[in-house]
>>> print(open('run.pdb').read())   # PDB, C-alpha atoms and all ligand atoms
ATOM      1  CA  ASP A   1      -2.845 -23.427 -37.367
ATOM      2  CA  THR A   2      -1.990 -20.329 -39.346
ATOM      3  CA  TYR A   3      -3.235 -19.044 -42.652
ATOM      4  CA  LYS A   4      -1.209 -16.892 -45.052
ATOM      5  CA  VAL A   5      -3.248 -14.121 -46.671
ATOM      6  CA  VAL A   6      -3.322 -14.126 -50.467
ATOM      7  CA  GLU A   7      -4.476 -11.473 -52.918
ATOM      8  CA  TYR A   8      -8.152 -10.420 -52.596
ATOM      9  CA  ASP A   9      -8.620 -12.131 -49.199
ATOM     10  CA  THR A  10     -11.077 -10.447 -46.853
ATOM     11  CA  VAL A  11     -11.649 -11.165 -43.180
ATOM     12  CA  GLU A  12     -14.898 -12.865 -44.047
ATOM     13  CA  GLY A  13     -13.232 -14.764 -46.889
ATOM     14  CA  VAL A  14     -10.475 -16.091 -44.630
ATOM     15  CA  GLY A  15     -13.196 -17.153 -42.199
ATOM     16  CA  SER A  16     -15.140 -19.111 -44.764
ATOM     17  CA  LYS A  17     -11.949 -20.797 -46.034
ATOM     18  CA  THR A  18     -11.033 -21.927 -42.495
ATOM     19  CA  GLY A  19     -14.453 -22.692 -41.045
ATOM     20  CA  LEU A  20     -14.596 -19.696 -38.718
ATOM     21  CA  THR A  21     -16.832 -16.648 -38.566
ATOM     22  CA  ALA A  22     -15.417 -13.253 -39.459
ATOM     23  CA  GLN A  23     -15.830 -12.160 -35.828
ATOM     24  CA  GLN A  24     -13.858 -15.172 -34.608
ATOM     25  CA  ILE A  25     -11.036 -14.264 -37.010
ATOM     26  CA  VAL A  26     -10.973 -10.730 -35.586
ATOM     27  CA  THR A  27     -11.096 -11.913 -31.971
ATOM     28  CA  ILE A  28      -8.202 -14.350 -32.201
ATOM     29  CA  ASN A  29      -6.083 -11.956 -34.274
ATOM     30  CA  ALA A  30      -6.837  -8.852 -32.234
ATOM     31  CA  ASP A  31      -3.180  -7.758 -32.445
ATOM     32  CA  LYS A  32      -3.380  -7.520 -36.260
ATOM     33  CA  ILE A  33      -7.034  -7.003 -37.151
ATOM     34  CA  LYS A  34      -8.984  -4.145 -35.641
ATOM     35  CA  SER A  35     -12.249  -4.389 -37.604
ATOM     36  CA  LEU A  36     -14.286  -6.757 -39.761
ATOM     37  CA  ASN A  37     -13.700  -4.767 -42.939
ATOM     38  CA  GLN A  38      -9.974  -4.174 -42.501
ATOM     39  CA  VAL A  39      -7.912  -4.587 -45.686
ATOM     40  CA  LEU A  40      -5.547  -7.527 -45.211
ATOM     41  CA  GLN A  41      -1.928  -7.391 -46.339
ATOM     42  CA  VAL A  42      -0.855 -10.168 -48.663
ATOM     43  CA  GLY A  43       1.463 -12.567 -46.820
ATOM     44  CA  MET A  44       0.056 -11.697 -43.384
ATOM     45  CA  GLU A  45      -0.049 -14.730 -41.112
ATOM     46  CA  LEU A  46      -3.315 -15.164 -39.248
ATOM     47  CA  ASN A  47      -4.194 -17.448 -36.407
ATOM     48  CA  VAL A  48      -7.061 -19.687 -37.464
ATOM     49  CA  THR A  49      -7.135 -22.086 -34.507
ATOM     50  CA  TYR A  50     -10.009 -20.677 -32.549
ATOM     51  CA  PHE A  51      -9.698 -22.728 -29.367
ATOM     52  CA  ASN A  52      -5.990 -22.066 -28.944
ATOM     53  CA  SER A  53      -6.521 -18.359 -29.312
ATOM     54  CA  PRO A  54      -4.531 -16.122 -26.973
ATOM     55  CA  ILE A  55      -7.516 -14.547 -25.264
ATOM     56  CA  ASN A  56      -6.622 -12.514 -22.215
ATOM     57  CA  VAL A  57      -8.409 -13.495 -19.036
ATOM     58  CA  VAL A  58      -9.113 -10.320 -17.087
ATOM     59  CA  VAL A  59     -10.143 -10.612 -13.455
ATOM     60  CA  THR A  60     -10.755  -7.798 -11.002
ATOM     61  CA  ARG A  61     -11.169  -8.203  -7.298
ATOM     62  CA  GLU A  62     -11.204  -6.075  -4.196
ATOM     63  CA  GLN A  63      -8.340  -6.307  -1.778
ATOM     64  CA  ARG A  64      -8.751  -4.981   1.773
ATOM     65  CA  THR A  65      -5.645  -4.059   3.746
ATOM     66  CA  LYS A  66      -4.743  -2.340   6.974
ATOM     67  CA  GLU A  67      -2.177   0.407   6.600
ATOM     68  CA  ILE A  68      -0.246   2.569   9.050
ATOM     69  CA  VAL A  69      -1.207   6.216   9.429
ATOM     70  CA  TYR A  70       1.807   8.240  10.550
ATOM     71  CA  PRO A  71       1.298  11.269  12.775
ATOM     72  CA  PRO A  72       2.567  14.718  11.801
ATOM     73  CA  SER A  73       6.007  15.660  13.083
ATOM     74  CA  THR A  74       6.599  16.603  16.696
ATOM     75  CA  GLN A  75       4.949  19.693  18.095
ATOM     76  CA  TYR A  76       7.199  21.788  20.344
ATOM     77  CA  VAL A  77       5.567  23.948  22.976
ATOM     78  CA  ASN A  78       7.425  26.469  25.119
ATOM     79  CA  ASP A  79       6.977  25.756  28.794
ATOM     80  CA  PRO A  80       7.842  28.624  31.153
ATOM     81  CA  THR A  81       7.653  26.300  34.163
ATOM     82  CA  LEU A  82      10.395  24.044  32.795
ATOM     83  CA  ARG A  83      14.065  25.068  33.135
ATOM     84  CA  GLU A  84      15.797  26.300  30.018
ATOM     85  CA  GLY A  85      17.753  23.503  28.330
ATOM     86  CA  LEU A  86      15.311  20.817  29.461
ATOM     87  CA  ARG A  87      12.815  19.076  27.239
ATOM     88  CA  ARG A  88      10.020  16.825  28.300
ATOM     89  CA  VAL A  89       7.865  14.549  26.182
ATOM     90  CA  VAL A  90       4.300  15.151  27.358
ATOM     91  CA  VAL A  91       2.475  13.188  24.667
ATOM     92  CA  ALA A  92       4.088  10.090  23.194
ATOM     93  CA  GLU A  93       3.857   9.485  19.477
ATOM     94  CA  LYS A  94       1.620   6.674  18.253
ATOM     95  CA  ASN A  95       0.918   5.448  14.743
ATOM     96  CA  GLY A  96      -2.670   5.173  13.590
ATOM     97  CA  SER A  97      -4.327   2.688  11.276
ATOM     98  CA  LYS A  98      -6.603   2.763   8.252
ATOM     99  CA  ASP A  99      -8.598   0.237   6.276
ATOM    100  CA  VAL A 100      -7.906   0.631   2.594
ATOM    101  CA  VAL A 101      -9.660  -1.111  -0.285
ATOM    102  CA  TYR A 102      -7.898  -1.520  -3.609
ATOM    103  CA  ARG A 103      -9.428  -2.779  -6.834
ATOM    104  CA  GLU A 104      -6.860  -5.122  -8.317
ATOM    105  CA  THR A 105      -6.816  -6.078 -11.971
ATOM    106  CA  TYR A 106      -5.203  -9.346 -13.027
ATOM    107  CA  ILE A 107      -4.581 -10.292 -16.634
ATOM    108  CA  ASN A 108      -3.889 -13.987 -17.114
ATOM    109  CA  GLY A 109      -3.190 -14.218 -13.395
ATOM    110  CA  VAL A 110      -0.705 -11.342 -13.325
ATOM    111  CA  LEU A 111      -1.454  -8.291 -11.169
ATOM    112  CA  VAL A 112      -1.256  -5.300 -13.485
ATOM    113  CA  LYS A 113      -3.096  -2.552 -11.637
ATOM    114  CA  GLY A 114      -4.298  -1.546  -8.179
ATOM    115  CA  GLU A 115      -6.576   1.426  -7.668
ATOM    116  CA  GLN A 116      -7.470   2.664  -4.219
ATOM    117  CA  ILE A 117     -11.247   2.895  -4.030
ATOM    118  CA  SER A 118     -11.698   3.689  -0.351
ATOM    119  CA  SER A 119      -9.717   4.545   2.762
ATOM    120  CA  VAL A 120     -11.117   4.823   6.267
ATOM    121  CA  VAL A 121      -9.017   5.826   9.271
ATOM    122  CA  THR A 122      -9.898   3.440  12.085
ATOM    123  CA  VAL A 123      -7.260   4.551  14.615
ATOM    124  CA  GLN A 124      -6.184   8.189  14.660
ATOM    125  CA  PRO A 125      -2.413   8.734  14.931
ATOM    126  CA  VAL A 126      -1.124  10.644  17.935
ATOM    127  CA  ARG A 127       1.359  13.444  17.372
ATOM    128  CA  GLU A 128       4.270  13.733  19.791
ATOM    129  CA  VAL A 129       4.218  16.857  21.955
ATOM    130  CA  VAL A 130       7.429  18.060  23.576
ATOM    131  CA  HIS A 131       7.637  20.855  26.097
ATOM    132  CA  VAL A 132      10.697  23.061  25.736
ATOM    133  CA  GLY A 133      11.791  24.730  28.928
ATOM    134  CA  THR A 134      12.110  28.515  28.801
ATOM    135  CA  LYS A 135      12.450  29.254  32.495
ATOM    136  CA  VAL A 136      15.682  31.148  33.122
ATOM    137  CA  ILE A 137      17.279  31.033  36.535
ATOM    138  CA  PRO A 138      20.017  33.642  36.862
ATOM    139  CA  GLY A 139      23.359  32.039  37.535
ATOM    140  CA  ILE A 140      22.309  28.575  36.461
ATOM    141  CA  GLY A 141      23.640  27.535  33.081
ATOM    142  CA  SER A 142      21.673  26.066  30.228
ATOM    143  CA  GLY A 143      24.293  23.373  29.626
ATOM    144  CA  ASN A 144      24.980  24.731  26.153
ATOM    145  CA  PHE A 145      28.210  26.655  25.745
ATOM    146  CA  ARG A 146      29.143  29.422  23.371
ATOM    147  CA  TRP A 147      32.716  30.133  22.345
ATOM    148  CA  PRO A 148      34.516  32.385  24.810
ATOM    149  CA  VAL A 149      36.053  34.534  22.036
ATOM    150  CA  ASP A 150      34.998  35.877  18.653
ATOM    151  CA  SER A 151      36.228  34.051  15.505
ATOM    152  CA  PRO A 152      37.688  31.234  17.596
ATOM    153  CA  ARG A 153      40.726  29.326  16.413
ATOM    154  CA  ILE A 154      42.113  26.429  18.436
ATOM    155  CA  THR A 155      45.869  26.787  18.668
ATOM    156  CA  CYS A 156      46.496  23.865  21.021
ATOM    157  CA  GLY A 157      43.998  21.081  21.628
ATOM    158  CA  TRP A 158      43.304  18.619  24.426
ATOM    159  CA  TYR A 159      46.693  17.113  25.397
ATOM    160  CA  CYS A 160      48.472  18.957  22.583
ATOM    161  CA  TYR A 161      51.310  18.556  25.017
ATOM    162  CA  SER A 162      51.621  16.377  28.078
ATOM    163  CA  GLY A 163      49.227  17.458  30.796
ATOM    164  CA  HIS A 164      47.308  20.020  28.723
ATOM    165  CA  GLN A 165      43.768  19.310  29.855
ATOM    166  CA  ALA A 166      42.283  22.290  28.065
ATOM    167  CA  ILE A 167      42.014  23.857  24.668
ATOM    168  CA  ASP A 168      43.780  27.080  23.791
ATOM    169  CA  ILE A 169      41.551  29.385  21.816
ATOM    170  CA  ALA A 170      42.814  32.431  19.963
ATOM    171  CA  SER A 171      40.640  35.013  18.275
ATOM    172  CA  ARG A 172      41.425  35.038  14.587
ATOM    173  CA  TYR A 173      40.644  38.708  13.936
ATOM    174  CA  ASN A 174      40.833  40.342  17.347
ATOM    175  CA  ARG A 175      43.853  38.891  19.102
ATOM    176  CA  PHE A 176      43.308  40.870  22.302
ATOM    177  CA  GLY A 177      39.514  40.877  22.062
ATOM    178  CA  ASN A 178      36.783  40.086  24.539
ATOM    179  CA  ILE A 179      36.414  36.963  26.604
ATOM    180  CA  TYR A 180      32.780  35.946  27.053
ATOM    181  CA  ALA A 181      31.150  33.757  29.668
ATOM    182  CA  ALA A 182      30.480  30.491  27.852
ATOM    183  CA  ASP A 183      27.205  30.050  29.737
ATOM    184  CA  ARG A 184      25.294  31.635  32.577
ATOM    185  CA  GLY A 185      26.861  31.097  35.957
ATOM    186  CA  VAL A 186      28.442  32.573  39.037
ATOM    187  CA  VAL A 187      32.059  33.704  39.272
ATOM    188  CA  VAL A 188      33.726  31.500  41.881
ATOM    189  CA  GLN A 189      37.358  32.461  41.298
ATOM    190  CA  ASN A 190      38.971  35.599  39.950
ATOM    191  CA  GLY A 191      42.680  35.276  40.538
ATOM    192  CA  TYR A 192      46.253  35.163  39.358
ATOM    193  CA  HIS A 193      48.609  32.228  38.957
ATOM    194  CA  TYR A 194      52.189  32.427  37.682
ATOM    195  CA  ILE A 195      51.499  29.885  34.895
ATOM    196  CA  SER A 196      47.875  30.674  34.049
ATOM    197  CA  GLY A 197      48.136  34.399  34.539
ATOM    198  CA  TYR A 198      44.905  36.159  35.345
ATOM    199  CA  TYR A 199      42.126  33.614  35.313
ATOM    200  CA  VAL A 200      38.424  33.320  36.060
ATOM    201  CA  ILE A 201      36.375  30.275  36.978
ATOM    202  CA  ILE A 202      32.614  30.316  36.470
ATOM    203  CA  ASP A 203      30.416  27.761  38.189
ATOM    204  CA  HIS A 204      27.363  27.126  36.024
ATOM    205  CA  GLN A 205      25.641  25.451  38.985
ATOM    206  CA  ASN A 206      24.650  22.468  36.910
ATOM    207  CA  GLY A 207      27.745  20.373  37.607
ATOM    208  CA  LEU A 208      29.803  22.263  35.022
ATOM    209  CA  ARG A 209      32.513  24.867  35.482
ATOM    210  CA  THR A 210      34.537  26.797  32.927
ATOM    211  CA  TYR A 211      38.039  28.195  33.328
ATOM    212  CA  TYR A 212      39.530  31.104  31.389
ATOM    213  CA  GLY A 213      43.292  31.685  31.630
ATOM    214  CA  HIS A 214      45.952  34.155  30.367
ATOM    215  CA  MET A 215      43.542  37.097  30.581
ATOM    216  CA  ALA A 216      44.988  40.541  29.953
ATOM    217  CA  SER A 217      44.089  41.716  33.441
ATOM    218  CA  ARG A 218      41.998  40.724  36.413
ATOM    219  CA  GLY A 219      38.501  39.508  35.464
ATOM    220  CA  TYR A 220      35.809  42.145  35.395
ATOM    221  CA  TYR A 221      33.571  40.541  38.030
ATOM    222  CA  PRO A 222      34.340  39.638  41.607
ATOM    223  CA  VAL A 223      33.572  36.270  43.151
ATOM    224  CA  GLY A 224      29.879  35.717  43.806
ATOM    225  CA  VAL A 225      28.536  37.726  40.889
ATOM    226  CA  ALA A 226      26.157  35.989  38.496
ATOM    227  CA  VAL A 227      26.997  36.507  34.842
ATOM    228  CA  GLU A 228      24.894  36.014  31.757
ATOM    229  CA  LYS A 229      25.925  33.759  28.921
ATOM    230  CA  GLY A 230      27.924  35.898  26.500
ATOM    231  CA  GLU A 231      28.687  38.575  29.055
ATOM    232  CA  ILE A 232      32.173  40.054  28.697
ATOM    233  CA  ILE A 233      34.221  38.882  31.671
ATOM    234  CA  GLY A 234      37.662  40.056  30.570
ATOM    235  CA  ARG A 235      40.087  40.430  27.716
ATOM    236  CA  ILE A 236      42.443  38.062  25.903
ATOM    237  CA  GLY A 237      46.008  38.620  27.074
ATOM    238  CA  LEU A 238      49.502  37.266  27.611
ATOM    239  CA  THR A 239      49.727  36.921  31.376
ATOM    240  CA  GLY A 240      51.375  33.795  32.795
ATOM    241  CA  TYR A 241      53.350  31.463  30.528
ATOM    242  CA  THR A 242      52.118  31.893  26.989
ATOM    243  CA  THR A 243      53.669  32.345  23.575
ATOM    244  CA  GLY A 244      50.753  34.240  22.077
ATOM    245  CA  PRO A 245      47.420  35.756  23.055
ATOM    246  CA  HIS A 246      44.799  33.072  23.651
ATOM    247  CA  VAL A 247      42.358  31.826  26.254
ATOM    248  CA  HIS A 248      43.362  28.661  28.054
ATOM    249  CA  PHE A 249      39.846  27.212  28.291
ATOM    250  CA  GLU A 250      38.847  24.304  30.500
ATOM    251  CA  ILE A 251      35.534  22.620  31.193
ATOM    252  CA  HIS A 252      35.142  20.785  34.482
ATOM    253  CA  VAL A 253      32.417  18.217  35.031
ATOM    254  CA  ASN A 254      31.955  17.702  38.757
ATOM    255  CA  ARG A 255      35.448  19.168  39.242
ATOM    256  CA  VAL A 256      37.034  16.803  36.684
ATOM    257  CA  LYS A 257      38.592  18.362  33.587
ATOM    258  CA  VAL A 258      37.083  17.045  30.358
ATOM    259  CA  ASN A 259      37.851  17.766  26.725
ATOM    260  CA  PRO A 260      35.961  20.995  25.981
ATOM    261  CA  CYS A 261      35.480  19.831  22.399
ATOM    262  CA  ARG A 262      32.895  17.425  23.738
ATOM    263  CA  TYR A 263      30.753  20.457  24.471
ATOM    264  CA  MET A 264      31.939  22.960  21.897
ATOM    265  CA  GLY A 265      31.640  20.700  18.870
ATOM    266  CA  CYS A 266      35.176  21.300  17.662
TER     267      CYS A 266
HETATM  268 ZN    ZN B 301      46.435  26.061  27.410
END
>>> encode(input="run.pdb", output="structure tokens", more="lines below")
Ligand SMILES: [Zn+2]
Amino acid sequence: DTYKVVEYDTVEGVGSKTGLTAQQIVTINADKIKSLNQVLQVGMELNVTYFNSPINVVVTREQRTKEIVYPPSTQYVNDPTLREGLRRVVVAEKNGSKDVVYRETYINGVLVKGEQISSVVTVQPVREVVHVGTKVIPGIGSGNFRWPVDSPRITCGWYCYSGHQAIDIASRYNRFGNIYAADRGVVVQNGYHYISGYYVIIDHQNGLRTYYGHMASRGYYPVGVAVEKGEIIGRIGLTGYTTGPHVHFEIHVNRVKVNPCRYMGC
């Protein structure tokens, strides 16, 4: 039932007219009446049915859960006994676990709030540890290649014409500039061919070889000499059949030519 407030009504007055106490009127009209002596607006509709009152039922309870504890990110440790370019996982990552207690508050059966009141780690997480090899063996490559020229620009890609199992790399700003060893290795050929011109082959002694053609002149190092990655082995030129200065660059995997872009990221 509802009651419409008329002039001069008080909370207590409405109560006595409807058989309720003033406090009951306040309780069941909590959205409109904040205190016993509040002035009531004429025309205001009040709930006067005490047992149908919209009282909120508030329940709190504790909820225990298990949650995952994640380890910090991988720790990398240099290992001078491990070959450069190799990585080894020495401690495997494992998630931990914690028991967490939340205090949940339900109003009329609806979860409205959850506060964490405790958290106890029961299983510590294990951080991954990876050893990074730093041991350098002269003449043995790291497996990572650098570009053989400065400011490289590919002028003819893998199979840009039939049978071209290489990429042609020009130097954008220094057309007759240096040619660098793409990785550490040992010079295994330093020769001349009527198509390739002066060329050098470096064996990186890890299954990979690189080939540098159309050099300006004979390569700087004779066969058998170990070269560092980035060492200057010659100069870009026009020897052999070529329409412009560039390095004809090949990568061989176990003596098979593969697309150098696989390694160079081009
Ligand atoms: Zn070429």
>>> residues_around(input="run.pdb", residues="Asn144 of chain A", least_positions_apart="4", cutoff="10 Å", atoms="only C-alpha atoms", output="list in words")
Gly85, Ala182, Asp183, Arg184, Lys229, Tyr263 and Met264 of chain A
>>> residues_near_ligand(input="run.pdb", ligand="ligand ZN 301 (chain B)", cutoff="12 Å", atoms="all atoms listed in the file", output="PyMOL selection string")
chain A and resi 154-170+195-197+199+211-215+238+240-250+259-260
>>> resolve_selection(input="run.pdb", expression="the PyMOL selection byres (((chain A and resi 29) around 9) and not hetatm)", output="list in words")
Gln24, Ile25, Val26, Thr27, Ile28, Ala30, Asp31, Lys32, Ile33, Lys34, Leu46, Asn47, Val48, Ser53 and Pro54 of chain A
>>> closest_residue(input="run.pdb", among="A:Tyr220, A:Tyr198, A:Trp147, A:Tyr50", to="Gly19 of chain A", atoms="only C-alpha atoms")
A:Tyr50
>>> closest_residue(input="run.pdb", among="A:Leu20, A:Val186, A:Val258, A:Ile236", to="Asn174 of chain A", atoms="only C-alpha atoms")
A:Ile236
>>> residues_around(input="run.pdb", residues="Asn78 of chain A", least_positions_apart="2", cutoff="7 Å", atoms="only C-alpha atoms", output="ChimeraX atom specification")
/A:76,80,131-134
>>> atom_distance(input="run.pdb", atom1="atom CA of Asn37 of chain A", atom2="atom CA of Thr2 of chain A")
19.8 Å
>>> residues_near_point(input="run.pdb", point="(26.2, 20.0, 40.4)", cutoff="12 Å", atoms="only C-alpha atoms", output="list in words")
Ile140, Gly141, Gly143, Gly185, Asp203, His204, Gln205, Asn206, Gly207, Leu208, Arg209, His252, Val253, Asn254, Arg255 and Val256 of chain A
>>> resolve_selection(input="run.pdb", expression="the PyMOL selection byres (((chain A and resi 231) around 10) and not hetatm)", output="list in words")
Pro148, Asn178, Ile179, Tyr180, Ala181, Ala182, Asp183, Arg184, Val227, Glu228, Lys229, Gly230, Ile232, Ile233 and Gly234 of chain A
>>> resolve_selection(input="run.pdb", expression="the PyMOL selection byres (((chain A and resi 61-66) around 6) and not hetatm)", output="CSV table (one decimal) with C-alpha atoms, in the frame of the given file")
chain,number,residue,atom,x,y,z
A,60,THR,CA,-10.8,-7.8,-11.0
A,67,GLU,CA,-2.2,0.4,6.6
A,98,LYS,CA,-6.6,2.8,8.3
A,99,ASP,CA,-8.6,0.2,6.3
A,100,VAL,CA,-7.9,0.6,2.6
A,101,VAL,CA,-9.7,-1.1,-0.3
A,102,TYR,CA,-7.9,-1.5,-3.6
A,103,ARG,CA,-9.4,-2.8,-6.8
A,104,GLU,CA,-6.9,-5.1,-8.3
>>> closest_residue(input="run.pdb", among="A:Gly191, A:Pro125, A:Gly114, A:Gly139", to="Val91 of chain A", atoms="all atoms listed in the file")
A:Pro125
>>> residues_near_point(input="run.pdb", point="(-1.7, -12.2, -42.1)", cutoff="6 Å", atoms="only C-alpha atoms", output="ChimeraX atom specification")
/A:4-5,43-46
>>> closest_residue(input="run.pdb", among="A:Glu115, A:Glu93, A:Glu7, A:Asp150", to="Arg175 of chain A", atoms="all atoms listed in the file")
A:Asp150
>>> atom_distance(input="run.pdb", atom1="atom CA of Lys135 of chain A", atom2="atom CA of Arg87 of chain A")
11.5 Å
>>> build_atoms(input="run.pdb", residues="segment 222-249 of chain A", atoms="N, CA and C atoms", output="PDB file, keeping the file's coordinate frame")
ATOM      1  N   PRO A 222      33.840  40.297  40.398  1.00  0.00           N
ATOM      2  CA  PRO A 222      34.340  39.638  41.607  1.00  0.00           C
ATOM      3  C   PRO A 222      33.590  38.341  41.880  1.00  0.00           C
ATOM      4  N   VAL A 223      34.177  37.540  42.749  1.00  0.00           N
ATOM      5  CA  VAL A 223      33.572  36.270  43.151  1.00  0.00           C
ATOM      6  C   VAL A 223      32.166  36.515  43.698  1.00  0.00           C
ATOM      7  N   GLY A 224      31.242  35.638  43.280  1.00  0.00           N
ATOM      8  CA  GLY A 224      29.879  35.717  43.806  1.00  0.00           C
ATOM      9  C   GLY A 224      28.908  36.406  42.874  1.00  0.00           C
ATOM     10  N   VAL A 225      29.425  37.010  41.807  1.00  0.00           N
ATOM     11  CA  VAL A 225      28.536  37.726  40.889  1.00  0.00           C
ATOM     12  C   VAL A 225      28.031  36.769  39.814  1.00  0.00           C
ATOM     13  N   ALA A 226      26.735  36.806  39.566  1.00  0.00           N
ATOM     14  CA  ALA A 226      26.157  35.989  38.496  1.00  0.00           C
ATOM     15  C   ALA A 226      26.384  36.699  37.167  1.00  0.00           C
ATOM     16  N   VAL A 227      26.786  35.925  36.172  1.00  0.00           N
ATOM     17  CA  VAL A 227      26.997  36.507  34.842  1.00  0.00           C
ATOM     18  C   VAL A 227      26.089  35.809  33.843  1.00  0.00           C
ATOM     19  N   GLU A 228      25.708  36.572  32.829  1.00  0.00           N
ATOM     20  CA  GLU A 228      24.894  36.014  31.757  1.00  0.00           C
ATOM     21  C   GLU A 228      25.794  35.301  30.759  1.00  0.00           C
ATOM     22  N   LYS A 229      25.212  34.382  30.040  1.00  0.00           N
ATOM     23  CA  LYS A 229      25.925  33.759  28.921  1.00  0.00           C
ATOM     24  C   LYS A 229      26.261  34.846  27.906  1.00  0.00           C
ATOM     25  N   GLY A 230      27.524  34.898  27.487  1.00  0.00           N
ATOM     26  CA  GLY A 230      27.924  35.898  26.500  1.00  0.00           C
ATOM     27  C   GLY A 230      28.342  37.220  27.106  1.00  0.00           C
ATOM     28  N   GLU A 231      28.256  37.336  28.414  1.00  0.00           N
ATOM     29  CA  GLU A 231      28.687  38.575  29.055  1.00  0.00           C
ATOM     30  C   GLU A 231      30.215  38.669  29.007  1.00  0.00           C
ATOM     31  N   ILE A 232      30.718  39.880  28.788  1.00  0.00           N
ATOM     32  CA  ILE A 232      32.173  40.054  28.697  1.00  0.00           C
ATOM     33  C   ILE A 232      32.758  40.010  30.104  1.00  0.00           C
ATOM     34  N   ILE A 233      33.658  39.046  30.327  1.00  0.00           N
ATOM     35  CA  ILE A 233      34.221  38.882  31.671  1.00  0.00           C
ATOM     36  C   ILE A 233      35.676  39.319  31.734  1.00  0.00           C
ATOM     37  N   GLY A 234      36.266  39.630  30.570  1.00  0.00           N
ATOM     38  CA  GLY A 234      37.662  40.056  30.570  1.00  0.00           C
ATOM     39  C   GLY A 234      38.149  40.177  29.146  1.00  0.00           C
ATOM     40  N   ARG A 235      39.485  40.220  29.008  1.00  0.00           N
ATOM     41  CA  ARG A 235      40.087  40.430  27.716  1.00  0.00           C
ATOM     42  C   ARG A 235      41.208  39.416  27.489  1.00  0.00           C
ATOM     43  N   ILE A 236      41.370  39.000  26.236  1.00  0.00           N
ATOM     44  CA  ILE A 236      42.443  38.062  25.903  1.00  0.00           C
ATOM     45  C   ILE A 236      43.790  38.743  26.153  1.00  0.00           C
ATOM     46  N   GLY A 237      44.726  37.985  26.766  1.00  0.00           N
ATOM     47  CA  GLY A 237      46.008  38.620  27.074  1.00  0.00           C
ATOM     48  C   GLY A 237      47.175  37.658  26.983  1.00  0.00           C
ATOM     49  N   LEU A 238      48.248  38.018  27.682  1.00  0.00           N
ATOM     50  CA  LEU A 238      49.502  37.266  27.611  1.00  0.00           C
ATOM     51  C   LEU A 238      50.055  36.986  29.003  1.00  0.00           C
ATOM     52  N   THR A 239      49.214  37.109  30.020  1.00  0.00           N
ATOM     53  CA  THR A 239      49.727  36.921  31.376  1.00  0.00           C
ATOM     54  C   THR A 239      50.007  35.444  31.631  1.00  0.00           C
ATOM     55  N   GLY A 240      50.946  35.165  32.537  1.00  0.00           N
ATOM     56  CA  GLY A 240      51.375  33.795  32.795  1.00  0.00           C
ATOM     57  C   GLY A 240      52.321  33.332  31.705  1.00  0.00           C
ATOM     58  N   TYR A 241      52.476  32.014  31.571  1.00  0.00           N
ATOM     59  CA  TYR A 241      53.350  31.463  30.528  1.00  0.00           C
ATOM     60  C   TYR A 241      52.536  31.271  29.257  1.00  0.00           C
ATOM     61  N   THR A 242      52.820  32.064  28.262  1.00  0.00           N
ATOM     62  CA  THR A 242      52.118  31.893  26.989  1.00  0.00           C
ATOM     63  C   THR A 242      52.966  32.481  25.882  1.00  0.00           C
ATOM     64  N   THR A 243      52.864  31.875  24.710  1.00  0.00           N
ATOM     65  CA  THR A 243      53.669  32.345  23.575  1.00  0.00           C
ATOM     66  C   THR A 243      52.867  33.274  22.671  1.00  0.00           C
ATOM     67  N   GLY A 244      51.568  33.339  22.890  1.00  0.00           N
ATOM     68  CA  GLY A 244      50.753  34.240  22.077  1.00  0.00           C
ATOM     69  C   GLY A 244      49.432  34.458  22.773  1.00  0.00           C
ATOM     70  N   PRO A 245      48.694  35.481  22.386  1.00  0.00           N
ATOM     71  CA  PRO A 245      47.420  35.756  23.055  1.00  0.00           C
ATOM     72  C   PRO A 245      46.380  34.680  22.752  1.00  0.00           C
ATOM     73  N   HIS A 246      45.864  34.069  23.799  1.00  0.00           N
ATOM     74  CA  HIS A 246      44.799  33.072  23.651  1.00  0.00           C
ATOM     75  C   HIS A 246      44.155  32.858  25.010  1.00  0.00           C
ATOM     76  N   VAL A 247      43.004  32.229  25.002  1.00  0.00           N
ATOM     77  CA  VAL A 247      42.358  31.826  26.254  1.00  0.00           C
ATOM     78  C   VAL A 247      42.661  30.353  26.482  1.00  0.00           C
ATOM     79  N   HIS A 248      43.222  30.056  27.636  1.00  0.00           N
ATOM     80  CA  HIS A 248      43.362  28.661  28.054  1.00  0.00           C
ATOM     81  C   HIS A 248      42.002  28.294  28.649  1.00  0.00           C
ATOM     82  N   PHE A 249      41.252  27.444  27.957  1.00  0.00           N
ATOM     83  CA  PHE A 249      39.846  27.212  28.291  1.00  0.00           C
ATOM     84  C   PHE A 249      39.643  25.774  28.748  1.00  0.00           C
TER      85      PHE A 249
END
